[in-house]
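**Q** Got a structure here, written out as structure tokens. Questions coming.
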Amino acid sequence: MTSRTELDRRTFLRLAGSTVAVGAAAVTSTAVTASAASVAGGGRRLVPPGKLGIQLYSIRDKVSSLGFRAVFERLSALGYREVEFAGYTQGAVGAITPAEIRTLLDDNGLVAVGSHRGIADFARNMEAELDIAQTLGMAHVGTANAPTNDRTVGGYLAAAEQFNGFGAAAAARGLKFYQHNHQHEFGFAADAPGVRLYDVFLENTDPAAVYLEMDVFWAFVGRHLYPGFEPVEYVLAHRDRYPMFHLKDGRVNPGSSNGYDIVEFGVGDLDYQEFLGALAGSGRQHGIWEQDNAASVAEPPFPVDSFGNAERSAAEILALRAKG
């Protein structure tokens with residue numbers, strides 16, 4: 001794909017004229033329906049057991065205190081089959097190598113589906129990051145960082161060019177490079193109020209090299225803060241670019257600036273049966289549970305009952321069934 005250093009006039013006018021074309025049709029309602037526990041069984045699973053994953057940041061306290069061996073044994077027993085890393089260290093338990101982590105994954109029937117690393121890590125030593133990813137057997141590697149802190153059209157164009165380079169390097173090693181969203185990627189450019197930054201990034205990254213992991217919770221927060229789009233419509237319009245999803249639940253809270261609070265999966269208001277049901281049929285997406293809020297006073301802040309959250313959330317996700 002030819003990199004661009006500036007937005008051409010045609011693309012600029014198209015984006016400015018319509019904040020996001022995929023938002024024209026709203027197929028996801030305002031996320032206020034029942035939890036997965038109330039969904040009647042009978043249809044096919046929306047998240048097959050072999051595709052259920054966990055972002056390890058959700059249980060970072062256990063990784064730090066117990067180490068990967070004990071954590072992987074517990075996750076396997078809870079029904080998880082895929083893990084997404086949030087670093088390769090295990091705190092008090094001591095040093096461990098990527099090869100040793102891979103052995104523990106294999107021993108417990110787990111697959112490393114991806115990893116969140118900082119943009120600076122890739123810029124500093126891309127090949128070393130890809131070496132680790134391949135040792136761990138990942139198909140994907142990426143970042144949860146926003147593409148850039150420069151919230152202008154030019155800033156996002158420059159970020160898209162950088163990500164195209166990351167993606168090309170990963171593709172040369174047989175990996176898919178991805179970016180995980182938070183809420184503010186869906187905001188508007190500081191120098192072009194009619195242009196949604198997510199659109200600039202999506203339109204100017206190579207679809208064959210740069211992929212997207214939609215964090216569904218943060219996408220709905222983005223819709224609350226920057227109206228005019230439906231999260232699922234992005235995926236329906238670009239199915240091949242979304243290999244993974246963060247399945248994080250949220251409860252509506254009008255008193256929160258985000259409009260939602262992060263909660264355990266199944267006790268929130270996000271309609272995952274509707275969202276995942278709209279995507280049923282491709283069979284390629286990986287569902288990764290995450291609960292990244294901090295609910296205790298410990299430093300660094302950790303979730304209060306992370307293994308309990310993981311167990312109950314796994315049951316709720318696996319209970320999701322297609323309607324009919």
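Chains: A, B, ... in order of the structure tokens. Residues: from 1 per chain. Ligands: from 1, in order shown.
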Hey, what's within 8 Å of Tyr226 in chain A if we count only C-alpha atoms and toss same-chain stuff fewer than 2 positions away? As a PyMOL selection string, please?
**A** chain A and resi 186-188+222-224+228
**Q** Give me a file of those residues, with N, CA, C and O atoms, as a short mmCIF file (atom, residue, chain, number, x, y, z; two decimals), in the first residue's frame.
**A**
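Result went into out-v5.cif, see below:
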data_model
loop_
_atom_site.label_atom_id
_atom_site.label_comp_id
_atom_site.auth_asym_id
_atom_site.auth_seq_id
_atom_site.Cartn_x
_atom_site.Cartn_y
_atom_site.Cartn_z
N PHE A 186 -12.31 7.47 18.88
CA PHE A 186 -13.54 7.75 18.15
C PHE A 186 -13.90 9.23 18.15
O PHE A 186 -14.93 9.63 17.60
N GLY A 187 -13.05 10.04 18.78
CA GLY A 187 -13.30 11.48 18.80
C GLY A 187 -12.96 12.13 17.48
O GLY A 187 -12.52 11.49 16.51
N PHE A 188 -13.16 13.44 17.44
CA PHE A 188 -12.98 14.21 16.21
C PHE A 188 -11.64 14.94 16.22
O PHE A 188 -11.11 15.30 17.27
N GLY A 222 -17.09 5.41 23.49
CA GLY A 222 -16.81 6.34 22.40
C GLY A 222 -18.07 6.83 21.73
O GLY A 222 -18.20 8.01 21.40
N ARG A 223 -19.03 5.93 21.55
CA ARG A 223 -20.31 6.34 20.96
C ARG A 223 -21.04 7.32 21.87
O ARG A 223 -21.70 8.27 21.40
N HIS A 224 -20.94 7.11 23.19
CA HIS A 224 -21.58 8.02 24.14
C HIS A 224 -20.93 9.40 24.09
O HIS A 224 -21.64 10.42 24.10
N GLY A 228 -22.73 9.31 16.68
CA GLY A 228 -22.78 9.32 15.23
C GLY A 228 -22.31 8.04 14.59
O GLY A 228 -22.15 7.99 13.37
#
**Q** If you take only C-alpha atoms and a cut-off of 6 Å, which residues of range 33-120 of chain A touch range 136-153 of chain A, and what are their nearest atom pairs and distances in Å to one decimal, in chain and number order, as CSV?
**A**
residue,atom,partner,partner_atom,distance
A:Arg102,CA,A:Leu136,CA,5.1
A:Ala112,CA,A:Met138,CA,5.2
A:Val113,CA,A:Met138,CA,5.2
A:Gly114,CA,A:His140,CA,4.7
A:Ser115,CA,A:Val141,CA,5.1
A:His116,CA,A:Thr143,CA,4.5
A:Arg117,CA,A:Thr143,CA,4.8
A:Gly118,CA,A:Thr143,CA,5.7
**Q** Could you work out how far CA of Glu82 in chain A lies from CA of Val111 in chain A, giving the answer in Å with one decimal?
**A**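 Atom-to-atom, CA of Val111 in chain A to CA of Glu82 in chain A, that is 4.7 Å.
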**Q** Could you please write out, as a PyMOL selection string, every residue of range 96-239 of chain A that DSSP assigns to alpha helix (DSSP H)?
**A** chain A and resi 98-107+119-136+153-172+197-204+216-225+231-237
**Q** Would you please extract all strand (DSSP E) residues from range 54-214 of chain A, as assigned by DSSP on the backbone, and give them as an NGL selection string?
**A** :A and (54-55 or 82-85 or 111-115 or 140-143 or 176-180 or 188-189 or 192-196 or 210-214)
**Q** For the residues in the current selection, export C-alpha atoms as an mmCIF file, in the first residue's frame.
**A**
data_model
loop_
_atom_site.group_PDB
_atom_site.id
_atom_site.type_symbol
_atom_site.label_atom_id
_atom_site.label_comp_id
_atom_site.auth_asym_id
_atom_site.auth_seq_id
_atom_site.Cartn_x
_atom_site.Cartn_y
_atom_site.Cartn_z
ATOM 1 C CA ILE A 54 -8.645 -13.742 28.562
ATOM 2 C CA GLN A 55 -6.545 -10.594 28.636
ATOM 3 C CA GLU A 82 -6.591 -18.523 24.713
ATOM 4 C CA VAL A 83 -4.620 -15.817 26.471
ATOM 5 C CA GLU A 84 -3.583 -12.331 25.489
ATOM 6 C CA PHE A 85 -0.497 -11.042 27.240
ATOM 7 C CA VAL A 111 -2.749 -20.756 23.076
ATOM 8 C CA ALA A 112 -1.250 -17.269 23.072
ATOM 9 C CA VAL A 113 -3.558 -15.345 20.748
ATOM 10 C CA GLY A 114 -1.912 -11.927 21.070
ATOM 11 C CA SER A 115 -0.059 -9.431 23.222
ATOM 12 C CA HIS A 140 -1.216 -11.609 16.415
ATOM 13 C CA VAL A 141 0.825 -8.958 18.203
ATOM 14 C CA GLY A 142 -0.151 -5.374 18.835
ATOM 15 C CA THR A 143 -0.692 -2.429 21.103
ATOM 16 C CA LYS A 176 -0.910 -9.852 12.169
ATOM 17 C CA PHE A 177 -0.235 -6.489 13.810
ATOM 18 C CA TYR A 178 -3.203 -4.874 15.576
ATOM 19 C CA GLN A 179 -4.352 -1.810 17.475
ATOM 20 C CA HIS A 180 -6.775 -1.996 20.399
ATOM 21 C CA PHE A 188 -12.979 14.206 16.208
ATOM 22 C CA ALA A 189 -9.819 15.825 14.897
ATOM 23 C CA ALA A 192 -11.187 19.210 11.479
ATOM 24 C CA PRO A 193 -14.237 18.839 13.765
ATOM 25 C CA GLY A 194 -16.158 16.863 11.131
ATOM 26 C CA VAL A 195 -13.496 14.164 10.799
ATOM 27 C CA ARG A 196 -13.515 11.188 13.154
ATOM 28 C CA VAL A 210 -2.812 -3.515 10.076
ATOM 29 C CA TYR A 211 -5.684 -5.065 12.025
ATOM 30 C CA LEU A 212 -8.017 -3.885 14.755
ATOM 31 C CA GLU A 213 -9.061 -5.389 18.047
ATOM 32 C CA MET A 214 -12.344 -3.806 19.048
#
